[in-house]
$ cat target.cif   # mmCIF, C-alpha atoms
data_start
loop_
_atom_site.label_atom_id
_atom_site.label_comp_id
_atom_site.auth_asym_id
_atom_site.auth_seq_id
_atom_site.Cartn_x
_atom_site.Cartn_y
_atom_site.Cartn_z
CA MET Q 232 -63.55 148.95 74.27
CA PRO Q 233 -64.34 152.58 75.23
CA ILE Q 234 -64.90 155.02 72.37
CA SER Q 235 -62.60 158.04 72.27
CA PHE Q 236 -63.18 161.21 70.28
CA ILE Q 237 -61.08 164.22 69.27
CA ASP Q 238 -62.67 167.66 69.03
CA SER Q 239 -60.77 168.96 66.00
CA HIS Q 240 -61.71 172.60 66.64
CA CYS Q 241 -62.70 174.22 69.92
CA HIS Q 242 -61.79 177.47 71.65
CA LEU Q 243 -61.30 176.04 75.11
CA ASP Q 244 -59.41 179.18 76.14
CA ALA Q 245 -62.38 181.46 75.37
CA PRO Q 246 -63.56 183.71 78.21
CA GLU Q 247 -66.94 181.95 78.15
CA PHE Q 248 -65.21 179.06 79.91
CA ASP Q 249 -63.28 181.07 82.50
CA ALA Q 250 -65.75 180.38 85.32
CA ASP Q 251 -65.85 176.58 84.98
CA ARG Q 252 -63.19 175.38 82.55
CA ASP Q 253 -62.11 172.44 84.74
CA ALA Q 254 -65.71 171.23 84.84
CA VAL Q 255 -66.05 171.65 81.07
CA VAL Q 256 -62.97 169.49 80.54
CA ALA Q 257 -64.23 166.91 83.04
CA ARG Q 258 -67.59 166.67 81.22
CA SER Q 259 -65.76 166.32 77.94
CA ARG Q 260 -63.64 163.46 79.19
CA ALA Q 261 -66.66 161.77 80.75
CA ALA Q 262 -68.35 161.90 77.33
CA GLY Q 263 -65.32 160.24 75.73
CA VAL Q 264 -64.03 163.43 74.10
CA THR Q 265 -60.48 163.19 75.39
CA GLN Q 266 -58.46 165.42 73.07
CA TRP Q 267 -59.01 168.90 71.66
CA LEU Q 268 -57.36 171.08 69.06
CA VAL Q 269 -57.40 174.67 70.31
CA PRO Q 270 -56.51 177.34 67.73
CA ALA Q 271 -55.51 180.86 68.69
CA VAL Q 272 -57.33 183.80 67.10
CA SER Q 273 -54.96 186.70 67.76
CA ALA Q 274 -51.57 187.52 69.22
CA ALA Q 275 -53.38 188.45 72.44
CA THR Q 276 -54.57 184.85 72.81
CA PHE Q 277 -51.26 183.07 72.20
CA ALA Q 278 -50.64 182.79 75.96
CA SER Q 279 -54.12 181.47 76.79
CA THR Q 280 -53.90 178.98 73.93
CA ARG Q 281 -50.57 177.73 75.24
CA GLN Q 282 -52.10 177.37 78.71
CA MET Q 283 -54.61 174.85 77.33
CA GLN Q 284 -51.68 172.65 76.34
CA VAL Q 285 -49.93 173.08 79.68
CA GLN Q 286 -53.04 172.55 81.81
CA TYR Q 287 -55.01 169.95 79.85
CA GLY Q 288 -52.66 168.48 77.27
CA ALA Q 289 -54.60 170.00 74.38
CA TRP Q 290 -53.16 170.22 70.90
CA ILE Q 291 -52.71 173.86 69.93
CA ALA Q 292 -52.33 176.03 66.86
CA TYR Q 293 -51.25 179.65 66.56
CA GLY Q 294 -52.70 182.09 64.04
CA LEU Q 295 -54.44 185.40 63.33
CA HIS Q 296 -58.18 184.94 62.68
CA PRO Q 297 -59.69 186.96 59.80
CA ILE Q 298 -62.64 188.20 61.87
CA TYR Q 299 -60.22 190.15 64.06
CA VAL Q 300 -58.40 191.65 61.08
CA HIS Q 301 -58.84 195.17 62.50
CA THR Q 302 -56.76 194.23 65.58
CA HIS Q 303 -53.88 192.50 63.79
CA ARG Q 304 -50.68 194.50 63.25
CA ASP Q 305 -47.74 193.67 61.00
CA GLU Q 306 -45.60 193.07 64.08
CA HIS Q 307 -48.04 190.35 65.14
CA LEU Q 308 -46.70 188.28 62.26
CA ASP Q 309 -43.28 188.51 63.87
CA LEU Q 310 -44.80 187.40 67.17
CA LEU Q 311 -46.49 184.51 65.36
CA ARG Q 312 -43.20 183.45 63.79
CA ALA Q 313 -41.50 183.52 67.19
CA GLN Q 314 -44.33 181.52 68.74
CA LEU Q 315 -44.22 178.88 66.00
CA ALA Q 316 -40.46 178.62 66.45
CA GLN Q 317 -41.07 177.29 69.98
CA GLY Q 318 -42.31 174.05 68.43
CA GLU Q 319 -45.46 173.75 70.57
CA ALA Q 320 -48.04 174.11 67.81
CA ILE Q 321 -49.17 171.28 65.54
CA ALA Q 322 -50.68 173.70 62.99
CA VAL Q 323 -51.02 177.33 61.96
CA GLY Q 324 -54.53 178.54 62.71
CA GLU Q 325 -57.11 179.75 62.88
CA ILE Q 326 -56.38 181.60 59.64
CA GLY Q 327 -58.29 182.22 56.43
CA LEU Q 328 -60.85 184.58 54.93
CA ASP Q 329 -64.29 185.74 56.07
CA PHE Q 330 -66.45 187.47 53.47
CA PHE Q 331 -69.64 187.09 55.51
CA VAL Q 332 -69.13 189.57 58.36
CA PRO Q 333 -69.65 193.10 57.00
CA GLY Q 334 -66.92 195.70 57.25
CA LEU Q 335 -63.87 193.41 57.24
CA ASP Q 336 -61.08 194.66 54.98
CA ALA Q 337 -60.80 191.98 52.28
CA ASN Q 338 -57.39 193.07 50.99
CA ARG Q 339 -55.94 193.12 54.49
CA GLN Q 340 -57.40 189.68 55.16
CA ILE Q 341 -55.78 188.31 52.02
CA ALA Q 342 -52.41 189.87 52.87
CA LEU Q 343 -52.45 188.34 56.36
CA PHE Q 344 -53.65 184.99 55.03
CA GLU Q 345 -50.83 184.79 52.50
CA ALA Q 346 -48.27 185.83 55.10
CA GLN Q 347 -49.45 183.07 57.41
CA LEU Q 348 -49.44 180.48 54.64
CA LYS Q 349 -45.81 181.43 54.04
CA LEU Q 350 -45.11 180.84 57.73
CA ALA Q 351 -46.82 177.45 57.54
CA ARG Q 352 -44.51 176.55 54.68
CA ASP Q 353 -41.48 177.84 56.55
CA PHE Q 354 -42.31 175.65 59.56
CA ASP Q 355 -43.66 172.72 57.51
CA LEU Q 356 -46.99 172.82 59.34
CA PRO Q 357 -50.58 172.17 58.25
CA VAL Q 358 -53.17 174.93 58.58
CA ILE Q 359 -56.62 175.32 60.13
CA VAL Q 360 -58.59 177.48 57.69
CA HIS Q 361 -61.68 179.61 58.25
CA ILE Q 362 -63.66 179.66 54.98
CA ARG Q 363 -66.91 181.51 55.57
CA ARG Q 364 -68.29 182.67 52.20
CA SER Q 365 -64.74 182.35 50.85
CA GLN Q 366 -64.18 178.75 49.77
CA ASP Q 367 -62.97 179.52 46.25
CA GLN Q 368 -60.73 182.37 47.38
CA VAL Q 369 -59.17 180.23 50.13
CA LEU Q 370 -58.60 177.44 47.61
CA LYS Q 371 -56.88 179.92 45.30
CA TYR Q 372 -54.27 180.80 47.90
CA LEU Q 373 -53.86 177.24 49.10
CA ARG Q 374 -53.03 176.24 45.53
CA LYS Q 375 -50.57 179.11 45.33
CA TRP Q 376 -48.69 178.31 48.53
CA ARG Q 377 -49.14 174.51 48.75
CA VAL Q 378 -48.96 174.06 52.50
CA LYS Q 379 -48.86 170.69 54.23
CA GLY Q 380 -52.62 170.09 54.24
CA GLY Q 381 -54.82 170.73 57.25
CA ILE Q 382 -58.49 171.14 58.13
CA ALA Q 383 -61.18 173.21 56.40
CA HIS Q 384 -63.05 174.35 59.51
CA ALA Q 385 -66.88 174.39 59.51
CA PHE Q 386 -67.10 173.27 55.90
CA ASN Q 387 -70.25 174.48 54.18
CA GLY Q 388 -69.28 174.65 50.52
CA SER Q 389 -70.28 172.59 47.51
CA GLU Q 390 -69.38 169.00 46.73
CA GLN Q 391 -66.97 170.22 44.05
CA GLN Q 392 -65.26 172.56 46.52
CA ALA Q 393 -65.07 169.72 49.04
CA TYR Q 394 -63.11 167.57 46.62
CA GLU Q 395 -60.80 170.45 45.77
CA PHE Q 396 -59.88 170.76 49.46
CA ILE Q 397 -59.41 166.99 49.65
CA LYS Q 398 -57.06 167.10 46.65
CA LEU Q 399 -54.92 169.59 48.57
CA GLY Q 400 -54.64 167.25 51.55
CA PHE Q 401 -57.38 168.75 53.71
CA ALA Q 402 -59.98 167.13 55.92
CA LEU Q 403 -63.38 168.80 56.18
CA GLY Q 404 -64.76 169.87 59.55
CA PHE Q 405 -68.40 169.10 60.39
CA GLY Q 406 -70.10 170.06 63.64
CA GLY Q 407 -73.20 171.69 65.04
CA ALA Q 408 -74.60 172.87 61.71
CA MET Q 409 -74.92 169.24 60.62
CA THR Q 410 -77.37 168.53 63.45
CA TYR Q 411 -80.14 170.79 62.09
CA SER Q 412 -82.71 169.09 59.88
CA GLY Q 413 -82.92 172.26 57.77
CA SER Q 414 -79.22 172.13 56.91
CA GLN Q 415 -79.96 169.79 54.03
CA ARG Q 416 -76.89 170.53 51.90
CA ILE Q 417 -74.47 170.13 54.81
CA ARG Q 418 -76.20 166.93 55.93
CA ARG Q 419 -76.08 165.53 52.40
CA LEU Q 420 -72.34 166.24 52.20
CA ALA Q 421 -71.77 164.65 55.61
CA GLN Q 422 -73.68 161.62 54.37
CA THR Q 423 -71.92 161.20 51.01
CA LEU Q 424 -68.37 162.58 51.19
CA PRO Q 425 -65.61 160.04 51.93
CA LEU Q 426 -65.68 159.48 55.68
CA GLU Q 427 -61.89 159.30 55.80
CA HIS Q 428 -61.80 163.00 54.90
CA ILE Q 429 -64.37 164.15 57.49
CA VAL Q 430 -63.42 165.32 60.99
CA LEU Q 431 -65.77 166.32 63.79
CA GLU Q 432 -65.62 169.59 65.69
CA THR Q 433 -67.67 171.72 68.07
CA ASP Q 434 -66.17 175.22 67.61
CA ALA Q 435 -67.16 175.60 71.27
CA PRO Q 436 -68.39 177.90 72.67
CA ASP Q 437 -69.83 178.77 69.22
CA ILE Q 438 -72.01 176.93 66.62
CA PRO Q 439 -74.27 175.17 69.14
CA PRO Q 440 -75.94 171.96 67.93
CA SER Q 441 -79.69 171.84 67.45
CA TRP Q 442 -80.44 170.64 70.98
CA LEU Q 443 -78.77 173.71 72.56
CA THR Q 444 -80.71 176.43 70.77
CA GLY Q 445 -82.82 177.31 73.78
CA PRO Q 446 -84.42 179.70 74.44
CA PRO Q 447 -82.14 181.02 75.70
CA PRO Q 448 -79.39 179.40 73.62
CA GLU Q 449 -76.97 177.37 75.71
CA ARG Q 450 -73.20 177.53 75.52
CA ASN Q 451 -71.62 174.89 73.32
CA GLU Q 452 -68.83 172.79 74.82
CA PRO Q 453 -66.59 169.88 73.76
CA ALA Q 454 -68.73 167.21 75.48
CA GLN Q 455 -71.35 167.82 72.77
CA LEU Q 456 -69.07 166.18 70.21
CA ARG Q 457 -70.28 162.75 71.34
CA GLU Q 458 -73.87 163.50 70.27
CA ILE Q 459 -72.62 165.23 67.10
CA ALA Q 460 -70.85 161.96 66.28
CA ASN Q 461 -74.11 160.11 66.85
CA THR Q 462 -75.74 162.42 64.30
CA LEU Q 463 -73.08 161.60 61.72
CA ALA Q 464 -73.42 157.89 62.48
CA ALA Q 465 -77.18 158.09 61.92
CA LEU Q 466 -76.78 160.01 58.67
CA ARG Q 467 -74.37 157.41 57.34
CA ALA Q 468 -76.06 154.36 58.87
CA GLN Q 469 -72.80 153.35 60.54
CA SER Q 470 -71.88 152.58 64.12
CA VAL Q 471 -70.57 155.42 66.23
CA PHE Q 472 -67.56 153.19 67.01
CA ASP Q 473 -66.66 153.12 63.31
CA ILE Q 474 -67.17 156.89 63.11
CA ALA Q 475 -64.79 157.43 66.03
CA GLN Q 476 -62.11 155.14 64.59
CA ILE Q 477 -62.20 156.66 61.11
CA GLN Q 478 -62.36 160.20 62.45
CA HIS Q 479 -59.28 159.53 64.57
CA ALA Q 480 -57.35 158.42 61.49
CA ALA Q 481 -58.67 161.36 59.45
CA ILE Q 482 -57.46 163.93 61.98
CA PHE Q 483 -54.04 162.34 62.31
CA GLY Q 484 -53.73 162.18 58.54
CA ALA Q 485 -54.82 165.77 57.90
CA LEU Q 486 -52.46 167.13 60.58
CA ASN Q 487 -49.56 164.83 59.63
CA LEU Q 488 -49.37 163.39 63.13
CA LYS Q 489 -48.07 160.00 64.13
CA CYS Q 490 -50.69 157.70 65.64
CA VAL Q 491 -49.78 156.65 69.16
#

$ encode --input "target.cif" --output "structure tokens"
Amino acid sequence: MPISFIDSHCHLDAPEFDADRDAVVARSRAAGVTQWLVPAVSAATFASTRQMQVQYGAWIAYGLHPIYVHTHRDEHLDLLRAQLAQGEAIAVGEIGLDFFVPGLDANRQIALFEAQLKLARDFDLPVIVHIRRSQDQVLKYLRKWRVKGGIAHAFNGSEQQAYEFIKLGFALGFGGAMTYSGSQRIRRLAQTLPLEHIVLETDAPDIPPSWLTGPPPERNEPAQLREIANTLAALRAQSVFDIAQIQHAAIFGALNLKCV
């Protein structure tokens, strides 16, 4: 039986793929990575995100990413509401808080995050959360608004924080960072956390795995998820077939989707 994987977080609409997107998708499918969740990052990318669904059948999410907080306007929340009302998205995302990049307005990030959590509640959708240097703060607002679960993208927190996300119905995203031997804490979490709450992701074209670091660094793409899955299988001493099967169930559970 062929093994099939889902890339639970990739930016297939990113301009880095404009020159060869069809080839990127073909390589992904050839590697057994046959579905992708593509989250928007701003109102300006809603149309390109939607095109990934139209052209390739990708799952999509709409949201306002915290890194681009300086570009988001209050009226973009109205655009987001209108976009979600179309019923195309399976989640609200990529949303959250980023306290790593200098110069981002923390209060504005929080205001936008809360507003988008309210929208997720209004539309009964899960969320895809960005949690860089902000795990406890994101958890605070998730407890306040109690959305319908989702995925904690690029999880790199503590074991205690991991279980707090799990309690709230979230799966934890692991990807390229897990492939570096120096990422000992992330690798230990990938090895010991319940596999049914772990999902795999590339964040392509970002967060390249260890074998793409160059020089010069190569562009990450969804096809790399197959080797990322092999890394997780090796860490856990399990077959990659088991990893694929359990990951499939974990994604469907976290996003409240029906298995087909």

$ axis_aligned_box --input "target.cif" --around "region 454-473 of chain Q" --padding-each-side "8 Å" --output "JSON"
{"center_x": -71.9, "center_y": 160.2, "center_z": 66.4, "size_x": 26.5, "size_y": 31.2, "size_z": 34.1}

$ residues_around --input "target.cif" --residues "Lys349 (chain Q)" --least-positions-apart "6" --cutoff "12 Å" --atoms "all atoms listed in the file" --output "JSON list (two decimals) with C-alpha atoms, in the frame of the given file"
[["chain", "number", "residue", "atom", "x", "y", "z"],
["Q", 308, "LEU", "CA", -46.70, 188.28, 62.26],
["Q", 311, "LEU", "CA", -46.49, 184.51, 65.36],
["Q", 312, "ARG", "CA", -43.20, 183.45, 63.79],
["Q", 323, "VAL", "CA", -51.02, 177.33, 61.96],
["Q", 326, "ILE", "CA", -56.38, 181.60, 59.64],
["Q", 342, "ALA", "CA", -52.41, 189.87, 52.87],
["Q", 343, "LEU", "CA", -52.45, 188.34, 56.36],
["Q", 355, "ASP", "CA", -43.66, 172.72, 57.51],
["Q", 356, "LEU", "CA", -46.99, 172.82, 59.34],
["Q", 357, "PRO", "CA", -50.58, 172.17, 58.25],
["Q", 358, "VAL", "CA", -53.17, 174.93, 58.58],
["Q", 372, "TYR", "CA", -54.27, 180.80, 47.90],
["Q", 373, "LEU", "CA", -53.86, 177.24, 49.10],
["Q", 375, "LYS", "CA", -50.57, 179.11, 45.33],
["Q", 376, "TRP", "CA", -48.69, 178.31, 48.53],
["Q", 377, "ARG", "CA", -49.14, 174.51, 48.75],
["Q", 378, "VAL", "CA", -48.96, 174.06, 52.50],
["Q", 379, "LYS", "CA", -48.86, 170.69, 54.23]]

$ closest_residue --input "target.cif" --among "Q:Cys241, Q:Ile234, Q:Ala465, Q:Ile341" --to "Gly404 (chain Q)" --atoms "all atoms listed in the file"
Q:Cys241

$ residues_near_point --input "target.cif" --point "(-53.1, 187.0, 71.5)" --cutoff "12 Å" --atoms "all atoms listed in the file" --output "ChimeraX atom specification"
/Q:244-245,270-281,292-296,299,302-304,307-308,310-311,314,325

$ resolve_selection --input "target.cif" --expression "the PyMOL selection byres ((chain Q and resi 475-478) around 12)" --output "MDAnalysis selection string"
chainID Q and resid 232:239 263:265 402:405 425:432 456:461 463:464 469:474 479:485 490

$ resolve_selection --input "target.cif" --expression "the PyMOL selection byres ((chain Q and resi 401) around 7)" --output "MDAnalysis selection string"
chainID Q and resid 380:383 396:397 399:400 402:403 485

$ closest_residue --input "target.cif" --among "Q:Glu345, Q:Ser259, Q:Ile417, Q:Asn451" --to "Thr433 (chain Q)" --atoms "only C-alpha atoms"
Q:Asn451

$ atom_distance --input "target.cif" --atom1 "CA of Gly327 (chain Q)" --atom2 "CA of Phe344 (chain Q)"
5.6 Å

$ atom_distance --input "target.cif" --atom1 "CA of Leu328 (chain Q)" --atom2 "CA of Leu370 (chain Q)"
10.5 Å

$ atom_distance --input "target.cif" --atom1 "CA of Glu247 (chain Q)" --atom2 "CA of Pro436 (chain Q)"
7.0 Å

$ resolve_selection --input "target.cif" --expression "the PyMOL selection byres ((chain Q and resi 289) around 10)" --output "PyMOL selection string"
chain Q and resi 238+243+265-269+280-288+290-292

$ closest_residue --input "target.cif" --among "Q:Gln422, Q:Asn338, Q:Gln347, Q:Gln368" --to "Met409 (chain Q)" --atoms "all atoms listed in the file"
Q:Gln422

$ residues_around --input "target.cif" --residues "Phe248 (chain Q)" --least-positions-apart "5" --cutoff "10 Å" --atoms "all atoms listed in the file" --output "PyMOL selection string"
chain Q and resi 242-243+253-256+435-436+450+452

$ closest_residue --input "target.cif" --among "Q:Ala385, Q:Ala337, Q:Ala262, Q:Ala468" --to "His361 (chain Q)" --atoms "all atoms listed in the file"
Q:Ala385

$ closest_residue --input "target.cif" --among "Q:Ser365, Q:Asn487, Q:Gln317, Q:Thr423" --to "Phe330 (chain Q)" --atoms "all atoms listed in the file"
Q:Ser365

$ residues_around --input "target.cif" --residues "Ser412 (chain Q)" --least-positions-apart "6" --cutoff "12 Å" --atoms "only C-alpha atoms" --output "PyMOL selection string"
chain Q and resi 418-419+440-442+462+466

$ closest_residue --input "target.cif" --among "Q:Arg374, Q:Gly406, Q:Pro297, Q:Leu420" --to "Ile362 (chain Q)" --atoms "all atoms listed in the file"
Q:Pro297

$ decode --input "target.cif" --residues "region 434-449 of chain Q" --atoms "C-alpha atoms" --output "PDB file, in the first residue's frame"
ATOM      1  CA  ASP Q 434       6.551  25.633   6.396  1.00  0.00           C
ATOM      2  CA  ALA Q 435       7.908  25.722   2.837  1.00  0.00           C
ATOM      3  CA  PRO Q 436       9.629  27.726   1.513  1.00  0.00           C
ATOM      4  CA  ASP Q 437      10.899  28.455   5.061  1.00  0.00           C
ATOM      5  CA  ILE Q 438      12.494  26.354   7.875  1.00  0.00           C
ATOM      6  CA  PRO Q 439      14.625  24.147   5.604  1.00  0.00           C
ATOM      7  CA  PRO Q 440      15.601  20.739   7.015  1.00  0.00           C
ATOM      8  CA  SER Q 441      19.221  19.998   7.829  1.00  0.00           C
ATOM      9  CA  TRP Q 442      20.052  18.574   4.404  1.00  0.00           C
ATOM     10  CA  LEU Q 443      19.078  21.832   2.623  1.00  0.00           C
ATOM     11  CA  THR Q 444      21.295  24.231   4.538  1.00  0.00           C
ATOM     12  CA  GLY Q 445      23.777  24.641   1.713  1.00  0.00           C
ATOM     13  CA  PRO Q 446      25.816  26.692   1.150  1.00  0.00           C
ATOM     14  CA  PRO Q 447      23.924  28.342  -0.329  1.00  0.00           C
ATOM     15  CA  PRO Q 448      20.762  27.293   1.525  1.00  0.00           C
ATOM     16  CA  GLU Q 449      18.218  25.637  -0.734  1.00  0.00           C
TER      17      GLU Q 449
END
